[in-house]
file structure-v9.csv (CSV, C-alpha atoms)
chain,number,residue,atom,x,y,z
A,1,MET,CA,5.0,-4.0,-23.9
A,2,ASP,CA,7.4,-1.2,-24.8
A,3,ARG,CA,10.4,-2.1,-22.7
A,4,THR,CA,12.1,1.2,-23.5
A,5,THR,CA,9.5,3.3,-21.7
A,6,CYS,CA,8.2,0.9,-19.0
A,7,PRO,CA,9.1,2.3,-15.6
A,8,VAL,CA,10.0,-1.1,-14.3
A,9,ALA,CA,12.5,-1.5,-17.1
A,10,ALA,CA,13.9,2.0,-16.3
A,11,PHE,CA,14.4,1.0,-12.7
A,12,GLY,CA,15.9,-2.3,-13.9
A,13,ARG,CA,18.5,-0.4,-15.9
A,14,LEU,CA,19.5,1.5,-12.7
A,15,ARG,CA,19.8,-1.9,-10.9
A,16,GLU,CA,22.2,-3.2,-13.5
A,17,GLN,CA,24.3,0.0,-13.2
A,18,GLY,CA,25.3,-1.1,-9.7
A,19,PRO,CA,24.0,-2.0,-6.2
A,20,VAL,CA,23.9,1.6,-5.2
A,21,VAL,CA,23.1,4.4,-7.7
A,22,ALA,CA,21.9,8.0,-7.6
A,23,MET,CA,18.2,8.2,-6.9
A,24,PRO,CA,16.2,9.6,-9.9
A,25,GLU,CA,14.5,13.0,-9.4
A,26,SER,CA,12.2,12.6,-6.4
A,27,PRO,CA,10.0,14.8,-4.3
A,28,MET,CA,11.9,13.4,-1.3
A,29,GLY,CA,15.1,15.1,-2.5
A,30,PRO,CA,18.5,13.6,-3.5
A,31,ALA,CA,19.4,10.2,-2.1
A,32,SER,CA,21.1,7.0,-3.1
A,33,LEU,CA,19.0,4.1,-4.3
A,34,VAL,CA,19.9,0.6,-3.2
A,35,THR,CA,18.8,-1.6,-6.1
A,36,ARG,CA,19.4,-5.3,-5.7
A,37,HIS,CA,17.3,-7.7,-3.7
A,38,ASP,CA,19.8,-9.0,-1.1
A,39,ASP,CA,21.1,-5.5,-0.4
A,40,VAL,CA,17.6,-4.0,-0.2
A,41,HIS,CA,16.6,-6.8,2.2
A,42,ALA,CA,19.6,-6.2,4.4
A,43,LEU,CA,19.0,-2.4,4.4
A,44,LEU,CA,15.4,-2.9,5.6
A,45,LEU,CA,16.7,-5.0,8.5
A,46,ASP,CA,19.7,-2.8,9.4
A,47,PRO,CA,19.1,-0.7,12.6
A,48,ARG,CA,22.0,1.5,11.6
A,49,PHE,CA,19.7,3.1,9.0
A,50,ARG,CA,17.0,5.2,10.7
A,51,ASN,CA,13.7,6.5,9.4
A,52,ASP,CA,13.8,9.5,11.7
A,53,PRO,CA,16.7,11.9,10.8
A,54,THR,CA,16.4,13.6,14.2
A,55,GLY,CA,19.6,13.0,16.1
A,56,VAL,CA,21.5,11.8,13.1
A,57,PRO,CA,24.4,14.2,12.5
A,58,GLY,CA,24.4,15.6,9.0
A,59,ALA,CA,20.9,14.4,8.1
A,60,GLY,CA,18.6,16.8,6.4
A,61,ASP,CA,14.8,17.2,6.8
A,62,VAL,CA,13.1,15.4,3.9
A,63,MET,CA,9.6,15.0,5.4
A,64,GLY,CA,9.2,18.7,6.1
A,65,PRO,CA,9.5,19.9,2.5
A,66,LEU,CA,7.5,16.9,1.3
A,67,LEU,CA,4.6,17.8,3.6
A,68,THR,CA,4.8,21.4,2.6
A,69,GLY,CA,4.6,20.4,-1.0
A,70,LEU,CA,1.5,18.4,-0.3
A,71,GLY,CA,-0.1,21.5,1.2
A,72,LEU,CA,-0.4,20.1,4.8
A,73,PRO,CA,-0.7,23.2,7.0
A,74,PRO,CA,2.0,23.8,9.7
A,75,GLU,CA,-0.5,23.4,12.6
A,76,LEU,CA,-1.1,19.8,11.4
A,77,GLY,CA,2.5,19.0,10.9
A,78,HIS,CA,2.2,16.2,13.5
A,79,LEU,CA,0.3,14.2,11.0
A,80,GLY,CA,3.7,13.7,9.2
A,81,ARG,CA,5.1,12.0,12.4
A,82,GLY,CA,3.5,8.6,11.8
A,83,LEU,CA,5.0,5.2,12.2
A,84,LEU,CA,7.0,5.4,9.0
A,85,VAL,CA,9.2,8.2,10.4
A,86,ARG,CA,9.8,6.7,13.9
A,87,ASP,CA,12.4,4.3,15.2
A,88,GLY,CA,13.4,2.2,18.1
A,89,ALA,CA,11.3,2.1,21.3
A,90,ASP,CA,9.1,5.0,20.2
A,91,HIS,CA,8.2,3.2,17.0
A,92,ALA,CA,7.7,-0.1,18.8
A,93,ARG,CA,5.4,1.4,21.4
A,94,LEU,CA,3.0,2.9,18.8
A,95,ARG,CA,3.2,-0.1,16.5
A,96,ARG,CA,2.3,-2.5,19.3
A,97,LEU,CA,-0.8,-0.4,20.1
A,98,VAL,CA,-2.1,-0.1,16.6
A,99,SER,CA,-1.2,-3.8,15.7
A,100,ARG,CA,-4.2,-4.8,17.8
A,101,ALA,CA,-6.3,-3.8,14.8
A,102,PHE,CA,-4.5,-6.4,12.5
A,103,THR,CA,-4.4,-9.5,14.6
A,104,VAL,CA,-5.0,-12.8,12.8
A,105,ARG,CA,-8.3,-13.1,14.6
A,106,ARG,CA,-9.5,-9.7,13.7
A,107,VAL,CA,-8.5,-9.9,10.0
A,108,ALA,CA,-10.0,-13.4,9.7
A,109,ALA,CA,-13.2,-12.1,11.3
A,110,LEU,CA,-13.4,-9.3,8.7
A,111,ARG,CA,-13.4,-11.7,5.7
A,112,PRO,CA,-17.1,-12.4,5.6
A,113,ARG,CA,-17.7,-8.6,5.6
A,114,VAL,CA,-15.1,-8.1,2.9
A,115,GLU,CA,-16.8,-10.8,0.8
A,116,GLN,CA,-20.2,-9.1,1.4
A,117,LEU,CA,-19.0,-5.6,0.4
A,118,THR,CA,-17.3,-7.1,-2.7
A,119,ALA,CA,-20.5,-8.8,-3.8
A,120,GLU,CA,-22.5,-5.6,-3.3
A,121,LEU,CA,-20.1,-3.6,-5.4
A,122,LEU,CA,-20.1,-6.3,-8.1
A,123,ASP,CA,-23.9,-6.1,-8.1
A,124,ASP,CA,-23.6,-2.5,-9.1
A,125,VAL,CA,-21.1,-3.4,-11.8
A,126,ALA,CA,-23.4,-6.0,-13.2
A,127,ALA,CA,-26.3,-3.6,-13.3
A,128,ALA,CA,-24.3,-0.8,-14.9
A,129,GLY,CA,-22.8,-3.1,-17.6
A,130,ALA,CA,-25.8,-5.3,-18.3
A,131,ASP,CA,-26.5,-3.5,-21.6
A,132,GLY,CA,-22.9,-3.7,-22.8
A,133,SER,CA,-21.9,-0.3,-21.5
A,134,PRO,CA,-18.3,0.0,-20.3
A,135,VAL,CA,-17.9,0.1,-16.5
A,136,ASP,CA,-14.9,1.8,-14.8
A,137,LEU,CA,-13.7,-0.7,-12.1
A,138,LEU,CA,-11.4,1.9,-10.5
A,139,PRO,CA,-14.0,4.0,-8.7
A,140,THR,CA,-16.8,1.4,-8.6
A,141,VAL,CA,-14.8,-1.4,-7.0
A,142,PHE,CA,-11.1,-1.0,-6.5
A,143,ARG,CA,-11.3,2.3,-4.6
A,144,ALA,CA,-14.6,1.7,-3.0
A,145,LEU,CA,-13.7,-1.6,-1.4
A,146,PRO,CA,-10.5,-0.7,0.5
A,147,ILE,CA,-11.9,2.5,1.9
A,148,ALA,CA,-15.0,0.7,3.1
A,149,VAL,CA,-13.0,-2.1,4.8
A,150,ILE,CA,-10.5,0.1,6.6
A,151,CYS,CA,-13.1,2.6,7.7
A,152,GLU,CA,-15.2,-0.3,9.1
A,153,LEU,CA,-12.1,-1.5,10.9
A,154,VAL,CA,-11.4,1.9,12.4
A,155,GLY,CA,-15.1,2.9,12.8
A,156,VAL,CA,-15.4,5.8,10.4
A,157,PRO,CA,-19.2,6.2,9.6
A,158,VAL,CA,-20.4,5.7,6.0
A,159,GLU,CA,-21.4,9.4,5.6
A,160,GLN,CA,-17.9,10.6,6.4
A,161,ARG,CA,-15.9,8.3,4.1
A,162,GLY,CA,-16.1,10.5,1.1
A,163,LEU,CA,-13.8,13.0,2.8
A,164,TRP,CA,-11.3,10.3,3.6
A,165,ARG,CA,-11.3,9.3,0.0
A,166,GLU,CA,-10.6,12.9,-1.0
A,167,LEU,CA,-7.7,13.1,1.4
A,168,ALA,CA,-6.1,9.9,0.1
A,169,GLY,CA,-6.5,11.3,-3.4
A,170,LEU,CA,-4.8,14.5,-2.5
A,171,LEU,CA,-1.8,12.6,-1.1
A,172,VAL,CA,-1.4,11.0,-4.5
A,173,ALA,CA,-2.3,14.0,-6.7
A,174,PRO,CA,-1.4,17.0,-4.5
A,175,ASP,CA,-3.6,20.1,-4.5
A,176,PRO,CA,-2.0,22.5,-1.9
A,177,GLU,CA,-5.0,24.8,-2.1
A,178,ARG,CA,-7.5,22.1,-1.3
A,179,MET,CA,-5.4,20.1,1.2
A,180,PRO,CA,-5.7,22.4,4.3
A,181,ASP,CA,-9.5,22.4,4.3
A,182,VAL,CA,-9.7,18.6,3.8
A,183,ALA,CA,-7.0,17.8,6.3
A,184,HIS,CA,-8.6,20.0,9.0
A,185,ALA,CA,-12.0,18.4,8.3
A,186,VAL,CA,-10.5,14.9,8.7
A,187,VAL,CA,-8.8,15.7,11.9
A,188,ALA,CA,-12.1,17.2,13.2
A,189,GLN,CA,-13.8,13.9,12.3
A,190,ILE,CA,-11.1,12.0,14.2
A,191,HIS,CA,-11.9,14.1,17.3
A,192,GLU,CA,-15.6,13.4,16.8
A,193,LEU,CA,-14.9,9.6,16.6
A,194,VAL,CA,-12.9,9.7,19.8
A,195,ALA,CA,-15.6,11.6,21.6
A,196,ALA,CA,-18.3,9.2,20.3
A,197,ARG,CA,-16.4,6.2,21.5
A,198,ARG,CA,-15.9,7.6,24.9
A,199,ALA,CA,-19.7,8.1,25.1
A,200,ASP,CA,-20.6,4.8,23.4
A,201,PRO,CA,-17.8,2.2,23.2
A,202,ARG,CA,-17.7,-0.3,20.3
A,203,ASP,CA,-15.5,-3.1,19.3
A,204,ASP,CA,-13.2,-1.2,16.9
A,205,LEU,CA,-9.7,0.2,16.9
A,206,VAL,CA,-10.7,3.6,18.2
A,207,ASP,CA,-11.9,2.0,21.4
A,208,VAL,CA,-8.6,0.4,21.9
A,209,LEU,CA,-6.6,3.6,21.3
A,210,VAL,CA,-9.0,5.7,23.4
A,211,ALA,CA,-8.6,3.3,26.3
A,212,VAL,CA,-4.8,3.6,26.0
A,213,HIS,CA,-5.0,7.4,25.9
A,214,ASP,CA,-7.4,7.7,28.8
A,215,ASP,CA,-5.5,5.1,30.9
A,216,GLY,CA,-2.2,7.0,31.1
A,217,ASP,CA,0.3,9.1,29.2
A,218,ARG,CA,1.5,6.4,26.8
A,219,LEU,CA,-0.5,7.8,23.9
A,220,THR,CA,-0.8,11.6,23.4
A,221,ALA,CA,-3.7,13.3,21.7
A,222,ASP,CA,-1.5,14.1,18.7
A,223,GLU,CA,-0.4,10.4,18.5
A,224,LEU,CA,-4.0,9.4,18.5
A,225,ASP,CA,-4.6,11.7,15.5
A,226,VAL,CA,-1.6,10.4,13.7
A,227,LEU,CA,-2.4,6.7,14.2
A,228,LEU,CA,-6.0,7.0,13.0
A,229,PHE,CA,-4.9,9.3,10.1
A,230,ASP,CA,-2.2,6.8,9.0
A,231,LEU,CA,-4.5,3.8,9.2
A,232,VAL,CA,-7.3,5.1,7.0
A,233,VAL,CA,-5.1,6.8,4.4
A,234,ALA,CA,-2.4,4.1,4.1
A,235,GLY,CA,-5.0,1.4,3.9
A,236,PHE,CA,-6.8,2.8,0.9
A,237,GLU,CA,-4.7,4.1,-2.0
A,238,THR,CA,-2.1,1.3,-2.1
A,239,THR,CA,-4.6,-1.5,-2.1
A,240,ALA,CA,-6.7,0.2,-4.8
A,241,HIS,CA,-3.6,0.6,-6.9
A,242,VAL,CA,-2.6,-3.1,-6.7
A,243,LEU,CA,-6.2,-4.2,-7.5
A,244,SER,CA,-6.4,-2.1,-10.6
A,245,ARG,CA,-2.9,-3.0,-11.9
A,246,ALA,CA,-3.5,-6.7,-11.2
A,247,ALA,CA,-6.8,-6.7,-13.0
A,248,LEU,CA,-5.3,-5.1,-16.0
A,249,ALA,CA,-2.4,-7.6,-15.9
A,250,LEU,CA,-4.7,-10.6,-15.7
A,251,LEU,CA,-7.0,-9.3,-18.4
A,252,THR,CA,-4.1,-8.9,-20.8
A,253,ARG,CA,-2.6,-12.3,-19.9
A,254,PRO,CA,-5.5,-14.7,-20.7
A,255,ASP,CA,-3.4,-17.7,-19.9
A,256,GLN,CA,-2.8,-16.5,-16.4
A,257,LEU,CA,-6.4,-15.7,-15.9
A,258,ALA,CA,-7.5,-19.1,-17.2
A,259,THR,CA,-5.2,-20.8,-14.8
A,260,LEU,CA,-6.8,-19.0,-11.8
A,261,ARG,CA,-10.3,-19.8,-13.0
A,262,ALA,CA,-9.4,-23.5,-13.5
A,263,GLU,CA,-7.4,-23.8,-10.3
A,264,PRO,CA,-8.9,-21.3,-7.8
A,265,TRP,CA,-6.9,-22.9,-5.0
A,266,ARG,CA,-3.9,-21.0,-6.3
A,267,TRP,CA,-5.3,-17.6,-5.3
A,268,PRO,CA,-3.6,-17.2,-1.9
A,269,THR,CA,-0.1,-17.8,-3.4
A,270,ALA,CA,-1.0,-15.9,-6.6
A,271,VAL,CA,-1.5,-12.8,-4.5
A,272,HIS,CA,2.2,-12.9,-3.5
A,273,GLU,CA,3.1,-12.8,-7.2
A,274,ILE,CA,0.6,-10.1,-7.9
A,275,VAL,CA,2.1,-7.9,-5.1
A,276,ARG,CA,5.6,-8.6,-6.4
A,277,THR,CA,4.8,-7.5,-10.0
A,278,CYS,CA,2.0,-4.9,-9.3
A,279,GLY,CA,3.1,-3.4,-6.1
A,280,ALA,CA,2.1,0.2,-5.4
A,281,VAL,CA,5.3,1.5,-3.7
A,282,PRO,CA,8.5,1.6,-5.9
A,283,VAL,CA,10.8,2.8,-3.2
A,284,SER,CA,10.9,3.1,0.6
A,285,THR,CA,10.9,6.3,2.5
A,286,PRO,CA,14.4,7.7,3.1
A,287,ARG,CA,16.6,6.0,5.6
A,288,TYR,CA,19.5,7.8,7.2
A,289,ALA,CA,22.9,6.3,8.1
A,290,SER,CA,23.6,6.7,11.8
A,291,THR,CA,27.2,5.7,11.2
A,292,ASP,CA,29.3,5.0,8.1
A,293,VAL,CA,27.9,1.9,6.4
A,294,VAL,CA,29.1,-0.1,3.4
A,295,VAL,CA,26.3,-1.3,1.0
A,296,GLY,CA,27.5,-3.5,-1.8
A,297,ASP,CA,30.7,-1.8,-2.7
A,298,THR,CA,29.5,1.7,-1.8
A,299,ARG,CA,30.3,3.6,1.4
A,300,ILE,CA,27.3,5.5,2.8
A,301,ALA,CA,28.6,8.2,5.1
A,302,MET,CA,26.9,9.1,8.4
A,303,GLY,CA,23.9,11.4,7.8
A,304,GLU,CA,23.5,10.5,4.1
A,305,SER,CA,20.1,9.2,3.1
A,306,VAL,CA,19.3,6.1,1.0
A,307,THR,CA,16.1,4.6,-0.3
A,308,ALA,CA,15.3,0.9,-0.7
A,309,GLY,CA,14.4,0.0,-4.3
A,310,LEU,CA,11.4,-2.2,-3.6
A,311,VAL,CA,10.6,-2.5,-7.3
A,312,THR,CA,14.2,-3.1,-8.4
A,313,ALA,CA,14.4,-5.8,-5.8
A,314,ASN,CA,11.2,-7.5,-6.8
A,315,PHE,CA,12.3,-7.7,-10.4
A,316,ASP,CA,15.9,-8.6,-9.7
A,317,PRO,CA,17.0,-11.6,-11.8
A,318,ARG,CA,19.5,-12.5,-9.1
A,319,ARG,CA,16.5,-13.4,-6.9
A,320,HIS,CA,13.7,-14.4,-9.4
A,321,ASP,CA,13.7,-16.6,-12.4
A,322,ARG,CA,11.9,-14.7,-15.3
A,323,PRO,CA,11.3,-11.7,-13.1
A,324,ASP,CA,9.6,-9.7,-15.7
A,325,GLU,CA,6.8,-12.2,-16.1
A,326,LEU,CA,3.6,-12.5,-14.1
A,327,ASP,CA,3.3,-16.3,-13.2
A,328,VAL,CA,0.4,-17.1,-10.9
A,329,THR,CA,1.9,-20.6,-10.4
A,330,ARG,CA,5.2,-19.3,-9.1
A,331,ASP,CA,6.2,-20.8,-5.7
A,332,PRO,CA,7.1,-17.8,-3.5
A,333,GLY,CA,9.3,-20.2,-1.4
A,334,ARG,CA,10.0,-19.1,2.1
A,335,GLY,CA,8.1,-16.0,3.2
A,336,GLU,CA,6.2,-14.0,0.6
A,337,GLY,CA,8.7,-14.1,-2.2
A,338,HIS,CA,8.8,-10.3,-2.5
A,339,LEU,CA,9.5,-7.1,-0.6
A,340,GLY,CA,6.3,-5.2,-1.6
A,341,PHE,CA,5.3,-4.8,2.0
A,342,GLY,CA,8.8,-4.0,3.2
A,343,GLN,CA,10.7,-6.0,5.8
A,344,GLY,CA,11.8,-5.7,9.4
A,345,ALA,CA,10.5,-3.3,12.0
A,346,HIS,CA,8.6,-1.2,9.5
A,347,TYR,CA,6.9,-4.1,7.6
A,348,CYS,CA,3.4,-3.1,6.5
A,349,LEU,CA,1.0,-3.4,9.4
A,350,GLY,CA,-1.9,-4.0,7.1
A,351,ALA,CA,-0.3,-6.6,4.9
A,352,ALA,CA,-2.6,-9.5,5.9
A,353,LEU,CA,-5.7,-7.3,5.4
A,354,ALA,CA,-4.4,-6.1,2.0
A,355,ARG,CA,-3.7,-9.7,0.8
A,356,GLN,CA,-7.2,-10.7,1.9
A,357,GLU,CA,-8.8,-7.8,0.0
A,358,ILE,CA,-6.8,-8.5,-3.1
A,359,GLU,CA,-7.7,-12.2,-3.1
A,360,VAL,CA,-11.4,-11.7,-2.3
A,361,ALA,CA,-11.9,-8.9,-4.8
A,362,LEU,CA,-10.1,-10.3,-7.8
A,363,HIS,CA,-11.4,-13.9,-7.3
A,364,ALA,CA,-15.0,-12.7,-7.0
A,365,LEU,CA,-14.6,-10.4,-10.0
A,366,VAL,CA,-13.3,-13.0,-12.4
A,367,GLU,CA,-15.8,-15.7,-11.2
A,368,ARG,CA,-18.8,-13.4,-11.3
A,369,PHE,CA,-18.1,-12.3,-14.8
A,370,PRO,CA,-17.0,-15.1,-17.2
A,371,ALA,CA,-17.0,-12.7,-20.1
A,372,LEU,CA,-15.0,-10.0,-18.3
A,373,ARG,CA,-12.8,-8.1,-20.8
A,374,LEU,CA,-11.3,-4.7,-21.4
A,375,ALA,CA,-13.7,-2.2,-23.0
A,376,THR,CA,-10.9,-1.4,-25.5
A,377,PRO,CA,-8.9,-4.5,-26.4
A,378,ALA,CA,-5.2,-4.3,-25.6
A,379,ASP,CA,-2.5,-5.0,-28.2
A,380,GLY,CA,-0.7,-7.3,-25.8
A,381,PRO,CA,0.3,-7.8,-22.2
A,382,SER,CA,0.2,-4.6,-20.1
A,383,ASP,CA,3.3,-3.3,-18.4
A,384,LEU,CA,3.7,-4.6,-14.9
A,385,GLY,CA,4.7,-2.2,-12.1
A,386,PHE,CA,3.7,0.6,-10.0
A,387,GLU,CA,2.3,3.3,-12.3
A,388,ARG,CA,-1.2,4.3,-11.2
A,389,LEU,CA,-4.1,4.0,-13.5
A,390,GLY,CA,-6.6,6.8,-14.1
A,391,SER,CA,-9.3,4.3,-15.1
A,392,LEU,CA,-9.9,0.7,-16.0
A,393,GLU,CA,-13.0,0.3,-18.2
A,394,VAL,CA,-14.3,-3.2,-18.8
A,395,ARG,CA,-17.4,-4.9,-20.3
A,396,VAL,CA,-19.1,-7.6,-18.3
A,397,ASP,CA,-22.0,-8.7,-20.5
A,398,ALA,CA,-21.9,-11.8,-22.6
A,399,PRO,CA,-20.3,-10.8,-26.0

call {"tool": "encode", "arguments": {"input": "structure-v9.csv", "output": "structure tokens"}}
result
Amino acid sequence: MDRTTCPVAAFGRLREQGPVVAMPESPMGPASLVTRHDDVHALLLDPRFRNDPTGVPGAGDVMGPLLTGLGLPPELGHLGRGLLVRDGADHARLRRLVSRAFTVRRVAALRPRVEQLTAELLDDVAAAGADGSPVDLLPTVFRALPIAVICELVGVPVEQRGLWRELAGLLVAPDPERMPDVAHAVVAQIHELVAARRADPRDDLVDVLVAVHDDGDRLTADELDVLLFDLVVAGFETTAHVLSRAALALLTRPDQLATLRAEPWRWPTAVHEIVRTCGAVPVSTPRYASTDVVVGDTRIAMGESVTAGLVTANFDPRRHDRPDELDVTRDPGRGEGHLGFGQGAHYCLGAALARQEIEVALHALVERFPALRLATPADGPSDLGFERLGSLEVRVDAP
């Protein structure tokens, strides 16, 4: 690994400059970056920092320019008013409604279907790679599985999922010219879903949200759009990213892969280590000080924005021994042992489902293909961290 260019190392250098530093250039605009684990953890739990700048004196509008940059048309601006940019009772109300999709019972009930979908996708990989041809795991498995799972949870029909995949891709690689058409088409599909569930109820999340909407004024039509939009998009790209980075990390660390093959009971806790070292989100969305707050030795004035350095916290040597190493035997201790899913009121709603998908997909992949290897051998262990891969070509035939 080239530690001079690795993004995790670059963030690590910022962390060692101080507990609060100037945020590197970001599409979210200027902000301070909170870098160290304990301070990041405290920030995520501190109600004095708000995700919604509305009503915070001196706070600027970060989400507006960000959505404009993505190409989201003004008439769909409400799609930017999801759970991540709400606070207090408003946030708690919506979160309580959508959390019904991610109960322990519902996530556990999905596991057989996740296993079945994974097996079917790996059948395709086996067929494509039987003659020694390289197979790109990113589109064939790591992107296909999360979108299938979250769409089944929500109730998006198979024939409509390609458009959702395109929308998720545009949020990662913006194309302002293409975005308006895709976003409008997705919203139209949401409205079709709602109408279909009113006519023919099923046991999925749309039923729950439609019932709330029709039973009173607690959930508006715009909020219904936003919640469904958030769930499908947020549940896809981040999980696909972690799966691809984790597979690359394991394939370039044969000792770690051998441990998981020999001791498969380690997978549930190994997933925590995988999320810590291969997490998809390097920093939180901006948070705005509703009053003057001291973080570390730095005063954050009312109205100023800060971001939580999730990647700097997860690799903080003050919190983790040998933080730059992937160790699948690492004991996470109390909790998860990382901040990859956030913390506090805005903790990732789909964390349990994401952990399940990561465990099922990677475990099945390495067990199904004993000869699994990179199509182009690596010189050494891959960089850990959050940089998205464009492809991950492997060979699965017996060498």

call {"tool": "residues_around", "arguments": {"input": "structure-v9.csv", "residues": "Asp207 (chain A)", "least_positions_apart": "6", "cutoff": "10 Å", "atoms": "all atoms listed in the file", "output": "PDB file with C-alpha atoms, keeping the file's coordinate frame"}}
result
ATOM      1  CA  VAL A 154     -11.400   1.900  12.400  1.00  0.00           C
ATOM      2  CA  GLY A 155     -15.100   2.900  12.800  1.00  0.00           C
ATOM      3  CA  LEU A 193     -14.900   9.600  16.600  1.00  0.00           C
ATOM      4  CA  VAL A 194     -12.900   9.700  19.800  1.00  0.00           C
ATOM      5  CA  ALA A 196     -18.300   9.200  20.300  1.00  0.00           C
ATOM      6  CA  ARG A 197     -16.400   6.200  21.500  1.00  0.00           C
ATOM      7  CA  ARG A 198     -15.900   7.600  24.900  1.00  0.00           C
ATOM      8  CA  ASP A 200     -20.600   4.800  23.400  1.00  0.00           C
ATOM      9  CA  PRO A 201     -17.800   2.200  23.200  1.00  0.00           C
ATOM     10  CA  HIS A 213      -5.000   7.400  25.900  1.00  0.00           C
TER      11      HIS A 213
END

call {"tool": "atom_distance", "arguments": {"input": "structure-v9.csv", "atom1": "CA of Pro254 (chain A)", "atom2": "CA of Leu372 (chain A)"}}
result
10.9 Å

call {"tool": "residues_around", "arguments": {"input": "structure-v9.csv", "residues": "Pro19 (chain A)", "least_positions_apart": "2", "cutoff": "6 Å", "atoms": "all atoms listed in the file", "output": "ChimeraX atom specification"}}
result
/A:34-36,296

call {"tool": "write_last_selection", "arguments": {"input": "structure-v9.csv", "atoms": "C-alpha atoms", "output": "mmCIF file, keeping the file's coordinate frame"}}
result
data_model
loop_
_atom_site.group_PDB
_atom_site.id
_atom_site.type_symbol
_atom_site.label_atom_id
_atom_site.label_comp_id
_atom_site.auth_asym_id
_atom_site.auth_seq_id
_atom_site.Cartn_x
_atom_site.Cartn_y
_atom_site.Cartn_z
ATOM 1 C CA VAL A 34 19.900 0.600 -3.200
ATOM 2 C CA THR A 35 18.800 -1.600 -6.100
ATOM 3 C CA ARG A 36 19.400 -5.300 -5.700
ATOM 4 C CA GLY A 296 27.500 -3.500 -1.800
#

call {"tool": "closest_atom_pairs", "arguments": {"input": "structure-v9.csv", "of": "region 167-226 of chain A", "to": "region 239-249 of chain A", "cutoff": "12 Å", "atoms": "all atoms listed in the file", "output": "JSON lines"}}
result
{"residue": "A:Ala168", "atom": "CA", "partner": "A:Ala240", "partner_atom": "CA", "distance": 10.9}
{"residue": "A:Gly169", "atom": "CA", "partner": "A:Ala240", "partner_atom": "CA", "distance": 11.2}
{"residue": "A:Val172", "atom": "CA", "partner": "A:His241", "partner_atom": "CA", "distance": 10.9}

call {"tool": "residues_near_point", "arguments": {"input": "structure-v9.csv", "point": "(2.4, 12.8, 2.1)", "cutoff": "12 Å", "atoms": "all atoms listed in the file", "output": "PyMOL selection string"}}
result
chain A and resi 27-28+62-73+77-82+84-85+167-176+179+183+229-230+233-234+237+285

call {"tool": "residues_around", "arguments": {"input": "structure-v9.csv", "residues": "region 305-311 of chain A", "least_positions_apart": "3", "cutoff": "8 Å", "atoms": "all atoms listed in the file", "output": "PyMOL selection string"}}
result
chain A and resi 8+11+23+31-36+40+43-44+59+276+279+281-289+314-315+339-340+342+385

call {"tool": "atom_distance", "arguments": {"input": "structure-v9.csv", "atom1": "CA of Pro146 (chain A)", "atom2": "CA of Phe236 (chain A)"}}
result
5.1 Å

call {"tool": "closest_residue", "arguments": {"input": "structure-v9.csv", "among": "A:Cys348, A:Ala361, A:Val156, A:Ile274", "to": "Leu228 (chain A)", "atoms": "all atoms listed in the file"}}
result
A:Val156

call {"tool": "atom_distance", "arguments": {"input": "structure-v9.csv", "atom1": "CA of Phe369 (chain A)", "atom2": "CA of Leu389 (chain A)"}}
result
21.5 Å

call {"tool": "residues_around", "arguments": {"input": "structure-v9.csv", "residues": "Pro57 (chain A)", "least_positions_apart": "4", "cutoff": "8 Å", "atoms": "only C-alpha atoms", "output": "MDAnalysis selection string"}}
result
chainID A and resid 290 302:303

call {"tool": "decode", "arguments": {"input": "structure-v9.csv", "residues": "region 295-304 of chain A", "atoms": "N, CA and C atoms", "output": "PDB file, in the first residue's frame"}}
result
ATOM      1  N   VAL A 295     -15.454  21.940  21.129  1.00  0.00           N
ATOM      2  CA  VAL A 295     -15.116  20.576  20.742  1.00  0.00           C
ATOM      3  C   VAL A 295     -13.600  20.440  20.824  1.00  0.00           C
ATOM      4  N   GLY A 296     -13.133  19.496  21.639  1.00  0.00           N
ATOM      5  CA  GLY A 296     -11.705  19.424  21.880  1.00  0.00           C
ATOM      6  C   GLY A 296     -11.249  20.716  22.526  1.00  0.00           C
ATOM      7  N   ASP A 297     -10.400  21.442  21.851  1.00  0.00           N
ATOM      8  CA  ASP A 297      -9.978  22.750  22.356  1.00  0.00           C
ATOM      9  C   ASP A 297     -10.421  23.865  21.413  1.00  0.00           C
ATOM     10  N   THR A 298     -11.417  23.567  20.559  1.00  0.00           N
ATOM     11  CA  THR A 298     -11.862  24.514  19.538  1.00  0.00           C
ATOM     12  C   THR A 298     -13.284  24.978  19.821  1.00  0.00           C
ATOM     13  N   ARG A 299     -13.489  26.284  19.738  1.00  0.00           N
ATOM     14  CA  ARG A 299     -14.836  26.840  19.910  1.00  0.00           C
ATOM     15  C   ARG A 299     -15.538  26.874  18.571  1.00  0.00           C
ATOM     16  N   ILE A 300     -16.701  26.229  18.517  1.00  0.00           N
ATOM     17  CA  ILE A 300     -17.552  26.270  17.334  1.00  0.00           C
ATOM     18  C   ILE A 300     -18.654  27.281  17.616  1.00  0.00           C
ATOM     19  N   ALA A 301     -18.681  28.370  16.871  1.00  0.00           N
ATOM     20  CA  ALA A 301     -19.652  29.431  17.121  1.00  0.00           C
ATOM     21  C   ALA A 301     -21.027  29.033  16.598  1.00  0.00           C
ATOM     22  N   MET A 302     -22.058  29.593  17.220  1.00  0.00           N
ATOM     23  CA  MET A 302     -23.421  29.341  16.779  1.00  0.00           C
ATOM     24  C   MET A 302     -23.572  29.631  15.289  1.00  0.00           C
ATOM     25  N   GLY A 303     -24.164  28.695  14.567  1.00  0.00           N
ATOM     26  CA  GLY A 303     -24.373  28.839  13.131  1.00  0.00           C
ATOM     27  C   GLY A 303     -23.293  28.208  12.278  1.00  0.00           C
ATOM     28  N   GLU A 304     -22.125  27.910  12.866  1.00  0.00           N
ATOM     29  CA  GLU A 304     -21.062  27.283  12.092  1.00  0.00           C
ATOM     30  C   GLU A 304     -21.380  25.803  11.888  1.00  0.00           C
TER      31      GLU A 304
END
